[in-house]
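K.L.:
For reference, this is protein.cif, and it has mmCIF, N, CA and C atoms.
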data_work
loop_
_atom_site.label_atom_id
_atom_site.label_comp_id
_atom_site.auth_asym_id
_atom_site.auth_seq_id
_atom_site.Cartn_x
_atom_site.Cartn_y
_atom_site.Cartn_z
N MET A 423 38.81 -15.16 16.35
CA MET A 423 38.71 -15.67 14.99
C MET A 423 37.49 -15.04 14.32
N ALA A 424 37.72 -14.50 13.14
CA ALA A 424 36.63 -13.86 12.40
C ALA A 424 35.70 -14.91 11.83
N GLY A 425 34.43 -14.56 11.79
CA GLY A 425 33.41 -15.47 11.26
C GLY A 425 33.02 -15.11 9.85
N LEU A 426 31.84 -15.53 9.47
CA LEU A 426 31.27 -15.26 8.16
C LEU A 426 30.38 -14.02 8.28
N ASN A 427 30.64 -13.03 7.45
CA ASN A 427 29.86 -11.79 7.48
C ASN A 427 29.04 -11.66 6.21
N ILE A 428 27.90 -10.98 6.36
CA ILE A 428 27.02 -10.76 5.21
C ILE A 428 26.60 -9.30 5.16
N GLU A 429 26.44 -8.82 3.94
CA GLU A 429 25.92 -7.48 3.70
C GLU A 429 24.95 -7.59 2.53
N ILE A 430 23.71 -7.14 2.74
CA ILE A 430 22.70 -7.17 1.68
C ILE A 430 22.38 -5.73 1.31
N LEU A 431 22.61 -5.40 0.04
CA LEU A 431 22.41 -4.04 -0.46
C LEU A 431 21.36 -4.03 -1.56
N THR A 432 20.51 -2.99 -1.54
CA THR A 432 19.54 -2.75 -2.60
C THR A 432 19.73 -1.31 -3.08
N PRO A 433 19.04 -0.90 -4.14
CA PRO A 433 19.13 0.49 -4.56
C PRO A 433 18.66 1.47 -3.47
N PHE A 434 17.93 0.96 -2.48
CA PHE A 434 17.41 1.82 -1.41
C PHE A 434 18.30 1.83 -0.18
N GLY A 435 19.40 1.09 -0.22
CA GLY A 435 20.33 1.11 0.89
C GLY A 435 20.64 -0.28 1.43
N LYS A 436 21.34 -0.27 2.57
CA LYS A 436 21.75 -1.51 3.22
C LYS A 436 20.55 -2.09 3.97
N ILE A 437 20.22 -3.35 3.68
CA ILE A 437 19.07 -4.02 4.28
C ILE A 437 19.47 -4.83 5.50
N TYR A 438 20.64 -5.47 5.43
CA TYR A 438 21.04 -6.35 6.53
C TYR A 438 22.55 -6.49 6.52
N THR A 439 23.14 -6.48 7.69
CA THR A 439 24.57 -6.75 7.83
C THR A 439 24.81 -7.35 9.21
N ASP A 440 25.60 -8.43 9.25
CA ASP A 440 25.86 -9.09 10.53
C ASP A 440 26.87 -10.21 10.32
N GLU A 441 27.34 -10.76 11.43
CA GLU A 441 28.13 -11.98 11.38
C GLU A 441 27.14 -13.13 11.52
N ILE A 442 27.26 -14.14 10.66
CA ILE A 442 26.27 -15.22 10.60
C ILE A 442 26.94 -16.59 10.57
N LYS A 443 26.10 -17.65 10.69
CA LYS A 443 26.60 -19.02 10.54
C LYS A 443 26.58 -19.45 9.08
N SER A 444 25.46 -19.17 8.39
CA SER A 444 25.33 -19.60 7.00
C SER A 444 24.26 -18.79 6.28
N CYS A 445 24.25 -18.94 4.96
CA CYS A 445 23.25 -18.27 4.13
C CYS A 445 22.92 -19.17 2.95
N ILE A 446 21.63 -19.34 2.69
CA ILE A 446 21.17 -20.08 1.51
C ILE A 446 20.60 -19.05 0.54
N ILE A 447 21.09 -19.10 -0.69
CA ILE A 447 20.80 -18.07 -1.69
C ILE A 447 20.20 -18.73 -2.94
N PRO A 448 19.15 -18.10 -3.53
CA PRO A 448 18.57 -18.66 -4.76
C PRO A 448 19.41 -18.30 -5.99
N GLY A 449 20.19 -19.24 -6.47
CA GLY A 449 20.99 -19.03 -7.68
C GLY A 449 20.16 -19.30 -8.92
N MET A 450 20.69 -18.98 -10.06
CA MET A 450 19.97 -19.18 -11.32
C MET A 450 19.78 -20.66 -11.65
N LEU A 451 20.65 -21.52 -11.12
CA LEU A 451 20.54 -22.96 -11.37
C LEU A 451 20.09 -23.72 -10.13
N GLY A 452 19.61 -23.01 -9.14
CA GLY A 452 19.17 -23.63 -7.89
C GLY A 452 19.80 -22.95 -6.69
N GLN A 453 19.37 -23.35 -5.52
CA GLN A 453 19.88 -22.75 -4.30
C GLN A 453 21.32 -23.20 -4.04
N PHE A 454 22.08 -22.31 -3.36
CA PHE A 454 23.40 -22.70 -2.89
C PHE A 454 23.60 -22.12 -1.50
N GLN A 455 24.41 -22.82 -0.71
CA GLN A 455 24.65 -22.41 0.67
C GLN A 455 26.09 -21.93 0.81
N VAL A 456 26.26 -20.87 1.59
CA VAL A 456 27.58 -20.34 1.87
C VAL A 456 27.84 -20.50 3.36
N LEU A 457 28.95 -21.15 3.68
CA LEU A 457 29.40 -21.34 5.05
C LEU A 457 30.76 -20.65 5.20
N LYS A 458 31.25 -20.57 6.43
CA LYS A 458 32.57 -19.99 6.70
C LYS A 458 33.62 -20.72 5.86
N ASP A 459 34.58 -19.97 5.37
CA ASP A 459 35.70 -20.47 4.55
C ASP A 459 35.27 -20.99 3.18
N HIS A 460 34.14 -20.50 2.67
CA HIS A 460 33.68 -20.84 1.32
C HIS A 460 34.68 -20.29 0.30
N ALA A 461 34.83 -20.97 -0.80
CA ALA A 461 35.68 -20.49 -1.89
C ALA A 461 35.11 -19.19 -2.45
N SER A 462 35.98 -18.38 -3.04
CA SER A 462 35.52 -17.14 -3.68
C SER A 462 34.51 -17.49 -4.77
N LEU A 463 33.53 -16.62 -4.94
CA LEU A 463 32.41 -16.91 -5.83
C LEU A 463 31.77 -15.62 -6.30
N LEU A 464 31.35 -15.59 -7.54
CA LEU A 464 30.51 -14.52 -8.07
C LEU A 464 29.38 -15.22 -8.79
N ALA A 465 28.13 -14.95 -8.38
CA ALA A 465 26.99 -15.67 -8.94
C ALA A 465 25.79 -14.75 -9.11
N ALA A 466 24.97 -15.07 -10.11
CA ALA A 466 23.70 -14.37 -10.28
C ALA A 466 22.71 -14.92 -9.27
N VAL A 467 21.88 -14.02 -8.73
CA VAL A 467 20.84 -14.38 -7.77
C VAL A 467 19.50 -14.30 -8.48
N ASP A 468 18.66 -15.31 -8.29
CA ASP A 468 17.35 -15.38 -8.93
C ASP A 468 16.27 -14.88 -7.97
N ILE A 469 15.07 -14.72 -8.48
CA ILE A 469 13.91 -14.44 -7.64
C ILE A 469 13.75 -15.63 -6.70
N GLY A 470 13.59 -15.37 -5.42
CA GLY A 470 13.44 -16.47 -4.48
C GLY A 470 13.63 -16.04 -3.04
N MET A 471 14.02 -17.01 -2.22
CA MET A 471 14.14 -16.80 -0.78
C MET A 471 15.59 -16.90 -0.34
N ILE A 472 16.03 -15.89 0.40
CA ILE A 472 17.33 -15.92 1.06
C ILE A 472 17.07 -16.36 2.49
N THR A 473 17.81 -17.37 2.95
CA THR A 473 17.68 -17.83 4.34
C THR A 473 19.01 -17.63 5.03
N ILE A 474 18.99 -16.84 6.10
CA ILE A 474 20.19 -16.54 6.87
C ILE A 474 20.06 -17.23 8.22
N GLU A 475 21.11 -17.96 8.61
CA GLU A 475 21.16 -18.51 9.96
C GLU A 475 22.14 -17.65 10.75
N GLU A 476 21.59 -16.95 11.74
CA GLU A 476 22.42 -16.07 12.56
C GLU A 476 23.29 -16.89 13.51
N LYS A 477 24.25 -16.23 14.14
CA LYS A 477 25.16 -16.92 15.06
C LYS A 477 24.43 -17.61 16.20
N ASN A 478 23.30 -17.04 16.63
CA ASN A 478 22.52 -17.62 17.74
C ASN A 478 21.59 -18.75 17.29
N GLY A 479 21.61 -19.08 15.99
CA GLY A 479 20.78 -20.15 15.45
C GLY A 479 19.45 -19.69 14.89
N LYS A 480 19.07 -18.43 15.13
CA LYS A 480 17.82 -17.88 14.61
C LYS A 480 17.91 -17.78 13.08
N LYS A 481 16.80 -18.14 12.41
CA LYS A 481 16.76 -18.06 10.95
C LYS A 481 15.92 -16.86 10.52
N ILE A 482 16.43 -16.17 9.53
CA ILE A 482 15.74 -15.02 8.94
C ILE A 482 15.51 -15.34 7.47
N THR A 483 14.30 -15.09 6.98
CA THR A 483 14.02 -15.29 5.56
C THR A 483 13.69 -13.95 4.92
N LEU A 484 14.18 -13.79 3.71
CA LEU A 484 13.93 -12.58 2.94
C LEU A 484 13.51 -12.96 1.53
N ALA A 485 12.59 -12.19 0.98
CA ALA A 485 12.21 -12.33 -0.42
C ALA A 485 13.16 -11.46 -1.24
N THR A 486 13.69 -12.00 -2.31
CA THR A 486 14.54 -11.20 -3.19
C THR A 486 14.05 -11.32 -4.63
N SER A 487 14.32 -10.26 -5.39
CA SER A 487 13.90 -10.28 -6.79
C SER A 487 15.10 -10.38 -7.73
N GLY A 488 16.22 -10.83 -7.21
CA GLY A 488 17.37 -11.10 -8.06
C GLY A 488 18.45 -10.05 -7.97
N GLY A 489 19.62 -10.44 -8.44
CA GLY A 489 20.78 -9.56 -8.42
C GLY A 489 22.05 -10.38 -8.51
N TYR A 490 23.05 -10.01 -7.69
CA TYR A 490 24.34 -10.68 -7.72
C TYR A 490 24.84 -10.97 -6.32
N CYS A 491 25.66 -12.01 -6.20
CA CYS A 491 26.26 -12.42 -4.94
C CYS A 491 27.77 -12.54 -5.16
N GLU A 492 28.51 -11.94 -4.24
CA GLU A 492 29.97 -12.09 -4.25
C GLU A 492 30.38 -12.65 -2.90
N VAL A 493 31.21 -13.69 -2.92
CA VAL A 493 31.75 -14.28 -1.70
C VAL A 493 33.26 -14.21 -1.80
N GLU A 494 33.88 -13.62 -0.78
CA GLU A 494 35.33 -13.52 -0.77
C GLU A 494 35.80 -13.26 0.65
N ASN A 495 36.79 -14.01 1.10
CA ASN A 495 37.39 -13.83 2.42
C ASN A 495 36.36 -13.79 3.54
N ASN A 496 35.46 -14.76 3.56
CA ASN A 496 34.42 -14.88 4.60
C ASN A 496 33.48 -13.68 4.66
N LYS A 497 33.26 -13.06 3.51
CA LYS A 497 32.28 -11.98 3.42
C LYS A 497 31.36 -12.25 2.23
N ILE A 498 30.05 -12.24 2.51
CA ILE A 498 29.04 -12.39 1.47
C ILE A 498 28.50 -11.00 1.19
N LYS A 499 28.52 -10.59 -0.06
CA LYS A 499 27.91 -9.32 -0.44
C LYS A 499 26.83 -9.63 -1.46
N LEU A 500 25.58 -9.36 -1.10
CA LEU A 500 24.45 -9.54 -2.00
C LEU A 500 24.01 -8.16 -2.48
N ILE A 501 24.05 -7.96 -3.78
CA ILE A 501 23.58 -6.71 -4.38
C ILE A 501 22.36 -7.10 -5.19
N VAL A 502 21.18 -6.76 -4.66
CA VAL A 502 19.93 -7.24 -5.24
C VAL A 502 18.96 -6.09 -5.50
N GLU A 503 18.01 -6.34 -6.41
CA GLU A 503 16.97 -5.33 -6.70
C GLU A 503 16.15 -5.02 -5.47
N SER A 504 15.79 -6.08 -4.74
CA SER A 504 15.01 -5.89 -3.51
C SER A 504 15.27 -7.05 -2.57
N ALA A 505 15.08 -6.79 -1.29
CA ALA A 505 15.18 -7.82 -0.26
C ALA A 505 14.27 -7.39 0.88
N GLU A 506 13.26 -8.21 1.15
CA GLU A 506 12.29 -7.89 2.21
C GLU A 506 12.21 -9.03 3.20
N LYS A 507 12.33 -8.70 4.47
CA LYS A 507 12.14 -9.72 5.50
C LYS A 507 10.69 -10.18 5.46
N ALA A 508 10.47 -11.46 5.73
CA ALA A 508 9.13 -12.05 5.63
C ALA A 508 8.09 -11.27 6.42
N ASP A 509 8.45 -10.83 7.62
CA ASP A 509 7.48 -10.13 8.47
C ASP A 509 7.26 -8.67 8.07
N LYS A 510 8.01 -8.20 7.09
CA LYS A 510 7.86 -6.81 6.63
C LYS A 510 7.18 -6.70 5.27
N ILE A 511 6.83 -7.83 4.68
CA ILE A 511 6.19 -7.81 3.35
C ILE A 511 4.78 -7.27 3.47
N ASN A 512 4.46 -6.30 2.62
CA ASN A 512 3.12 -5.72 2.56
C ASN A 512 2.27 -6.67 1.71
N ILE A 513 1.46 -7.48 2.39
CA ILE A 513 0.69 -8.53 1.72
C ILE A 513 -0.31 -7.95 0.72
N GLU A 514 -1.00 -6.89 1.09
CA GLU A 514 -1.98 -6.29 0.16
C GLU A 514 -1.30 -5.78 -1.10
N ARG A 515 -0.14 -5.15 -0.94
CA ARG A 515 0.60 -4.66 -2.10
C ARG A 515 1.03 -5.83 -2.99
N ALA A 516 1.47 -6.92 -2.38
CA ALA A 516 1.88 -8.10 -3.15
C ALA A 516 0.69 -8.72 -3.88
N LYS A 517 -0.47 -8.78 -3.21
CA LYS A 517 -1.68 -9.32 -3.86
C LYS A 517 -2.08 -8.44 -5.05
N ASP A 518 -2.01 -7.12 -4.86
CA ASP A 518 -2.35 -6.20 -5.96
C ASP A 518 -1.39 -6.38 -7.14
N ALA A 519 -0.11 -6.54 -6.85
CA ALA A 519 0.89 -6.73 -7.92
C ALA A 519 0.61 -8.04 -8.66
N LYS A 520 0.23 -9.08 -7.93
CA LYS A 520 -0.10 -10.38 -8.54
C LYS A 520 -1.30 -10.22 -9.48
N THR A 521 -2.34 -9.54 -9.01
CA THR A 521 -3.55 -9.34 -9.81
C THR A 521 -3.23 -8.55 -11.08
N ARG A 522 -2.45 -7.46 -10.94
CA ARG A 522 -2.09 -6.64 -12.11
C ARG A 522 -1.30 -7.46 -13.13
N ALA A 523 -0.34 -8.25 -12.65
CA ALA A 523 0.48 -9.06 -13.56
C ALA A 523 -0.37 -10.11 -14.27
N GLU A 524 -1.28 -10.74 -13.54
CA GLU A 524 -2.17 -11.74 -14.16
C GLU A 524 -3.06 -11.09 -15.21
N GLU A 525 -3.58 -9.90 -14.92
CA GLU A 525 -4.43 -9.19 -15.88
C GLU A 525 -3.64 -8.84 -17.14
N ARG A 526 -2.39 -8.39 -16.97
CA ARG A 526 -1.56 -8.06 -18.13
C ARG A 526 -1.29 -9.30 -18.98
N LEU A 527 -1.05 -10.43 -18.32
CA LEU A 527 -0.77 -11.67 -19.06
C LEU A 527 -2.00 -12.18 -19.81
N CYS A 528 -3.18 -11.95 -19.27
CA CYS A 528 -4.43 -12.40 -19.91
C CYS A 528 -4.89 -11.43 -20.99
N SER A 529 -4.36 -10.23 -20.97
CA SER A 529 -4.75 -9.19 -21.92
C SER A 529 -4.26 -9.52 -23.32
N LYS A 530 -5.06 -9.21 -24.29
CA LYS A 530 -4.67 -9.41 -25.69
C LYS A 530 -4.14 -8.09 -26.28
N GLN A 531 -3.82 -7.18 -25.42
CA GLN A 531 -3.37 -5.85 -25.79
C GLN A 531 -2.07 -5.93 -26.61
N SER A 532 -2.02 -5.21 -27.73
CA SER A 532 -0.80 -5.22 -28.54
C SER A 532 0.26 -4.37 -27.84
N GLY A 533 1.50 -4.74 -28.04
CA GLY A 533 2.59 -4.00 -27.42
C GLY A 533 2.86 -4.39 -25.98
N LEU A 534 2.13 -5.38 -25.48
CA LEU A 534 2.32 -5.82 -24.11
C LEU A 534 3.64 -6.57 -23.99
N ASP A 535 4.42 -6.22 -23.01
CA ASP A 535 5.68 -6.91 -22.75
C ASP A 535 5.38 -8.08 -21.82
N SER A 536 5.13 -9.25 -22.42
CA SER A 536 4.72 -10.41 -21.62
C SER A 536 5.85 -10.92 -20.73
N ASP A 537 7.10 -10.78 -21.17
CA ASP A 537 8.22 -11.21 -20.32
C ASP A 537 8.26 -10.39 -19.03
N ARG A 538 8.06 -9.11 -19.17
CA ARG A 538 8.05 -8.22 -17.99
C ARG A 538 6.89 -8.58 -17.06
N ALA A 539 5.74 -8.89 -17.62
CA ALA A 539 4.58 -9.27 -16.81
C ALA A 539 4.83 -10.61 -16.10
N LYS A 540 5.51 -11.54 -16.77
CA LYS A 540 5.83 -12.83 -16.14
C LYS A 540 6.78 -12.65 -14.96
N VAL A 541 7.76 -11.77 -15.11
CA VAL A 541 8.70 -11.50 -14.02
C VAL A 541 7.97 -10.82 -12.86
N ALA A 542 7.08 -9.88 -13.17
CA ALA A 542 6.30 -9.21 -12.12
C ALA A 542 5.44 -10.21 -11.36
N LEU A 543 4.85 -11.16 -12.09
CA LEU A 543 4.04 -12.20 -11.44
C LEU A 543 4.91 -13.08 -10.55
N ALA A 544 6.08 -13.48 -11.04
CA ALA A 544 6.99 -14.32 -10.25
C ALA A 544 7.42 -13.61 -8.97
N ARG A 545 7.70 -12.31 -9.07
CA ARG A 545 8.10 -11.54 -7.87
C ARG A 545 6.96 -11.48 -6.87
N ALA A 546 5.75 -11.21 -7.35
CA ALA A 546 4.59 -11.11 -6.45
C ALA A 546 4.30 -12.45 -5.78
N LEU A 547 4.34 -13.55 -6.54
CA LEU A 547 4.10 -14.88 -5.97
C LEU A 547 5.17 -15.23 -4.94
N ASN A 548 6.41 -14.87 -5.22
CA ASN A 548 7.51 -15.12 -4.28
C ASN A 548 7.28 -14.37 -2.97
N ARG A 549 6.90 -13.11 -3.06
CA ARG A 549 6.66 -12.31 -1.85
C ARG A 549 5.52 -12.90 -1.03
N LEU A 550 4.45 -13.33 -1.69
CA LEU A 550 3.32 -13.93 -0.98
C LEU A 550 3.72 -15.25 -0.33
N LYS A 551 4.49 -16.05 -1.04
CA LYS A 551 4.95 -17.34 -0.49
C LYS A 551 5.80 -17.12 0.76
N ILE A 552 6.72 -16.19 0.69
CA ILE A 552 7.62 -15.95 1.82
C ILE A 552 6.88 -15.30 2.98
N ALA A 553 5.84 -14.54 2.68
CA ALA A 553 5.02 -13.95 3.75
C ALA A 553 4.17 -15.02 4.44
N GLY A 554 4.13 -16.23 3.85
CA GLY A 554 3.44 -17.34 4.49
C GLY A 554 2.03 -17.59 3.99
N LEU A 555 1.64 -16.96 2.89
CA LEU A 555 0.30 -17.17 2.36
C LEU A 555 0.26 -18.36 1.43
N LYS A 556 -0.83 -19.08 1.45
CA LYS A 556 -1.05 -20.17 0.49
C LYS A 556 -1.49 -19.53 -0.82
N ILE A 557 -0.79 -19.84 -1.90
CA ILE A 557 -1.12 -19.23 -3.19
C ILE A 557 -1.35 -20.29 -4.24
#
Can you dump the structure from the file as structure tokens?

P.N.:
Amino acid sequence: MAGLNIEILTPFGKIYTDEIKSCIIPGMLGQFQVLKDHASLLAAVDIGMITIEEKNGKKITLATSGGYCEVENNKIKLIVESAEKADKINIERAKDAKTRAEERLCSKQSGLDSDRAKVALARALNRLKIAGLKI
């Protein structure tokens, strides 16, 4: 009997693929969980944490910066801007990105795209949170 399969794709390639028990995904209106035999679904993915429970019960967490999720015939396909496993997050790079975004938001510079800076800050804070740092 076939199980639930997942494939996570970014512009840089395939990040993760396996047969799993479940996946919790950050949707635009909150988290949602996908289990075997889930109804077909197409949803936007928000900045947040993807939690995968593997067949052996081990949990994997990934930071994502948003994208799309398709569920059909016991296959989850996540097409996202980025997906980083918690233990692979470059903490210094995330701290630097947080600092840069905060500086841009505090700047009175004309022509500053504050929405872009807010998204950059949210991504950096998410990466630090998933890496396990208190922020």

K.L.:
If you count only N, CA and C atoms, which residues fall within 7 Å of Arg545 (chain A), apart from same-chain ones fewer than 5 positions away, as a PyMOL selection string?

P.N.:
chain A and resi 469+486-487+540+550

K.L.:
Pull out every residue that the PyMOL selection byres (((chain A and resi 485 and name CA) around 6) and name CA) matches in the shown coordinates and put them as a CSV table (one decimal) with N, CA and C atoms, in the frame of the given file.

P.N.:
chain,number,residue,atom,x,y,z
A,470,GLY,N,13.6,-15.4,-5.4
A,470,GLY,CA,13.4,-16.5,-4.5
A,470,GLY,C,13.6,-16.0,-3.0
A,471,MET,N,14.0,-17.0,-2.2
A,471,MET,CA,14.1,-16.8,-0.8
A,471,MET,C,15.6,-16.9,-0.3
A,484,LEU,N,14.2,-13.8,3.7
A,484,LEU,CA,13.9,-12.6,2.9
A,484,LEU,C,13.5,-13.0,1.5
A,486,THR,N,13.7,-12.0,-2.3
A,486,THR,CA,14.5,-11.2,-3.2
A,486,THR,C,14.0,-11.3,-4.6
A,505,ALA,N,15.1,-6.8,-1.3
A,505,ALA,CA,15.2,-7.8,-0.3
A,505,ALA,C,14.3,-7.4,0.9
A,506,GLU,N,13.3,-8.2,1.2
A,506,GLU,CA,12.3,-7.9,2.2
A,506,GLU,C,12.2,-9.0,3.2
A,549,ARG,N,6.9,-13.1,-3.1
A,549,ARG,CA,6.7,-12.3,-1.8
A,549,ARG,C,5.5,-12.9,-1.0

K.L.:
Using the chain letters and numbers from the file, give me the residues hit by the PyMOL selection byres ((chain A and resi 444) around 6), as a list in words.

P.N.:
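This file gives the following for the PyMOL selection byres ((chain A and resi 444) around 6): Ile442, Lys443, Cys445, Ile446, Val456, Leu457, Thr473, Ile474, Glu475 and Glu476 of chain A.
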
K.L.:
Pull N, CA and C atoms from the residues just selected and write them as an mmCIF file, in the frame of the given file.

P.N.:
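Heads up, here's the output in selection-v5.cif:
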data_model
loop_
_atom_site.group_PDB
_atom_site.id
_atom_site.type_symbol
_atom_site.label_atom_id
_atom_site.label_comp_id
_atom_site.auth_asym_id
_atom_site.auth_seq_id
_atom_site.Cartn_x
_atom_site.Cartn_y
_atom_site.Cartn_z
ATOM 1 N N ILE A 442 27.260 -14.140 10.660
ATOM 2 C CA ILE A 442 26.270 -15.220 10.600
ATOM 3 C C ILE A 442 26.940 -16.590 10.570
ATOM 4 N N LYS A 443 26.100 -17.650 10.690
ATOM 5 C CA LYS A 443 26.600 -19.020 10.540
ATOM 6 C C LYS A 443 26.580 -19.450 9.080
ATOM 7 N N CYS A 445 24.250 -18.940 4.960
ATOM 8 C CA CYS A 445 23.250 -18.270 4.130
ATOM 9 C C CYS A 445 22.920 -19.170 2.950
ATOM 10 N N ILE A 446 21.630 -19.340 2.690
ATOM 11 C CA ILE A 446 21.170 -20.080 1.510
ATOM 12 C C ILE A 446 20.600 -19.050 0.540
ATOM 13 N N VAL A 456 26.260 -20.870 1.590
ATOM 14 C CA VAL A 456 27.580 -20.340 1.870
ATOM 15 C C VAL A 456 27.840 -20.500 3.360
ATOM 16 N N LEU A 457 28.950 -21.150 3.680
ATOM 17 C CA LEU A 457 29.400 -21.340 5.050
ATOM 18 C C LEU A 457 30.760 -20.650 5.200
ATOM 19 N N THR A 473 17.810 -17.370 2.950
ATOM 20 C CA THR A 473 17.680 -17.830 4.340
ATOM 21 C C THR A 473 19.010 -17.630 5.030
ATOM 22 N N ILE A 474 18.990 -16.840 6.100
ATOM 23 C CA ILE A 474 20.190 -16.540 6.870
ATOM 24 C C ILE A 474 20.060 -17.230 8.220
ATOM 25 N N GLU A 475 21.110 -17.960 8.610
ATOM 26 C CA GLU A 475 21.160 -18.510 9.960
ATOM 27 C C GLU A 475 22.140 -17.650 10.750
ATOM 28 N N GLU A 476 21.590 -16.950 11.740
ATOM 29 C CA GLU A 476 22.420 -16.070 12.560
ATOM 30 C C GLU A 476 23.290 -16.890 13.510
#

K.L.:
Arg526 (chain A): which residues within 10 Å, counting only C-alpha atoms, same-chain residues fewer than 4 positions away excluded, as a tab-separated table (two decimals) with N, CA and C atoms, in the coordinates of the input?

P.N.:
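File written: around-v9.tsv
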chain	number	residue	atom	x	y	z
A	520	LYS	N	0.23	-9.08	-7.93
A	520	LYS	CA	-0.10	-10.38	-8.54
A	520	LYS	C	-1.30	-10.22	-9.48
A	521	THR	N	-2.34	-9.54	-9.01
A	521	THR	CA	-3.55	-9.34	-9.81
A	521	THR	C	-3.23	-8.55	-11.08
A	522	ARG	N	-2.45	-7.46	-10.94
A	522	ARG	CA	-2.09	-6.64	-12.11
A	522	ARG	C	-1.30	-7.46	-13.13
A	530	LYS	N	-5.06	-9.21	-24.29
A	530	LYS	CA	-4.67	-9.41	-25.69
A	530	LYS	C	-4.14	-8.09	-26.28
A	531	GLN	N	-3.82	-7.18	-25.42
A	531	GLN	CA	-3.37	-5.85	-25.79
A	531	GLN	C	-2.07	-5.93	-26.61
A	534	LEU	N	2.13	-5.38	-25.48
A	534	LEU	CA	2.32	-5.82	-24.11
A	534	LEU	C	3.64	-6.57	-23.99
A	535	ASP	N	4.42	-6.22	-23.01
A	535	ASP	CA	5.68	-6.91	-22.75
A	535	ASP	C	5.38	-8.08	-21.82
A	536	SER	N	5.13	-9.25	-22.42
A	536	SER	CA	4.72	-10.41	-21.62
A	536	SER	C	5.85	-10.92	-20.73
A	538	ARG	N	8.06	-9.11	-19.17
A	538	ARG	CA	8.05	-8.22	-17.99
A	538	ARG	C	6.89	-8.58	-17.06
A	539	ALA	N	5.74	-8.89	-17.62
A	539	ALA	CA	4.58	-9.27	-16.81
A	539	ALA	C	4.83	-10.61	-16.10
A	540	LYS	N	5.51	-11.54	-16.77
A	540	LYS	CA	5.83	-12.83	-16.14
A	540	LYS	C	6.78	-12.65	-14.96
A	542	ALA	N	7.08	-9.88	-13.17
A	542	ALA	CA	6.30	-9.21	-12.12
A	542	ALA	C	5.44	-10.21	-11.36
A	543	LEU	N	4.85	-11.16	-12.09
A	543	LEU	CA	4.04	-12.20	-11.44
A	543	LEU	C	4.91	-13.08	-10.55

K.L.:
Mind giving me the straight-line distance from atom N of Ala508 (chain A) to CA of Lys551 (chain A) in Å, one decimal?

P.N.:
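Pair atom N of Ala508 (chain A) / CA of Lys551 (chain A) returns 10.2 Å.
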
K.L.:
Report as a list of chain:residue names the residues that result from applying the PyMOL selection byres (((chain A and resi 429 and name CA) around 9) and name CA) to the structure here.

P.N.:
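Listing what the PyMOL selection byres (((chain A and resi 429 and name CA) around 9) and name CA) selects in the shown file: A:Asn427, A:Ile428, A:Ile430, A:Leu431, A:Lys436, A:Ile437, A:Tyr438, A:Thr439, A:Asp440, A:Lys497, A:Ile498, A:Lys499, A:Leu500, A:Ile501.
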
K.L.:
In Å, rounded to a single decimal, give me how far atom C of Leu464 (chain A) is from atom C of Gly489 (chain A).

P.N.:
8.8 Å

K.L.:
Just list as a PyMOL selection string whatever in chain A DSSP marks as alpha helix (DSSP H).

P.N.:
chain A and resi 513-528+536-552

K.L.:
From the DSSP assignment of the backbone, select every residue of chain A that is strand (DSSP E), and format the answer as an MDAnalysis selection string.

P.N.:
chainID A and resid 426:432 435:449 452:457 463:476 481:494 497:502 505:507

K.L.:
Grab the CA of Gly425 (chain A) to CA of Asp509 (chain A) distance for me, in Å with one decimal place.

P.N.:
26.6 Å

K.L.:
From the set A:Ser462, A:Glu514, A:Ala523, A:Lys477, which residue has the shortest atom-to-atom contact distance to Asn495 (chain A), counting only N, CA and C atoms?

P.N.:
A:Ser462

K.L.:
Save region 543-553 of chain A from what I just supplied, as a PDB file, in the first residue's frame, atoms limited to N, CA and C atoms.

P.N.:
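What landed in out_38.pdb:
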ATOM      1  N   LEU A 543      12.700  41.090   7.121  1.00  0.00           N
ATOM      2  CA  LEU A 543      12.800  40.938   8.576  1.00  0.00           C
ATOM      3  C   LEU A 543      12.045  39.691   9.037  1.00  0.00           C
ATOM      4  N   ALA A 544      10.852  39.469   8.504  1.00  0.00           N
ATOM      5  CA  ALA A 544      10.065  38.281   8.880  1.00  0.00           C
ATOM      6  C   ALA A 544      10.805  36.997   8.513  1.00  0.00           C
ATOM      7  N   ARG A 545      11.436  36.979   7.339  1.00  0.00           N
ATOM      8  CA  ARG A 545      12.202  35.784   6.926  1.00  0.00           C
ATOM      9  C   ARG A 545      13.376  35.543   7.860  1.00  0.00           C
ATOM     10  N   ALA A 546      14.104  36.602   8.192  1.00  0.00           N
ATOM     11  CA  ALA A 546      15.272  36.468   9.073  1.00  0.00           C
ATOM     12  C   ALA A 546      14.854  36.001  10.467  1.00  0.00           C
ATOM     13  N   LEU A 547      13.788  36.582  11.014  1.00  0.00           N
ATOM     14  CA  LEU A 547      13.306  36.177  12.340  1.00  0.00           C
ATOM     15  C   LEU A 547      12.839  34.722  12.335  1.00  0.00           C
ATOM     16  N   ASN A 548      12.185  34.315  11.259  1.00  0.00           N
ATOM     17  CA  ASN A 548      11.731  32.928  11.132  1.00  0.00           C
ATOM     18  C   ASN A 548      12.919  31.965  11.126  1.00  0.00           C
ATOM     19  N   ARG A 549      13.944  32.291  10.364  1.00  0.00           N
ATOM     20  CA  ARG A 549      15.134  31.428  10.290  1.00  0.00           C
ATOM     21  C   ARG A 549      15.801  31.313  11.656  1.00  0.00           C
ATOM     22  N   LEU A 550      15.910  32.430  12.376  1.00  0.00           N
ATOM     23  CA  LEU A 550      16.526  32.403  13.708  1.00  0.00           C
ATOM     24  C   LEU A 550      15.678  31.592  14.685  1.00  0.00           C
ATOM     25  N   LYS A 551      14.375  31.753  14.617  1.00  0.00           N
ATOM     26  CA  LYS A 551      13.471  31.001  15.501  1.00  0.00           C
ATOM     27  C   LYS A 551      13.611  29.496  15.254  1.00  0.00           C
ATOM     28  N   ILE A 552      13.614  29.102  14.008  1.00  0.00           N
ATOM     29  CA  ILE A 552      13.692  27.679  13.678  1.00  0.00           C
ATOM     30  C   ILE A 552      15.065  27.110  13.991  1.00  0.00           C
ATOM     31  N   ALA A 553      16.092  27.950  13.914  1.00  0.00           N
ATOM     32  CA  ALA A 553      17.441  27.501  14.291  1.00  0.00           C
ATOM     33  C   ALA A 553      17.558  27.328  15.802  1.00  0.00           C
TER      34      ALA A 553
END
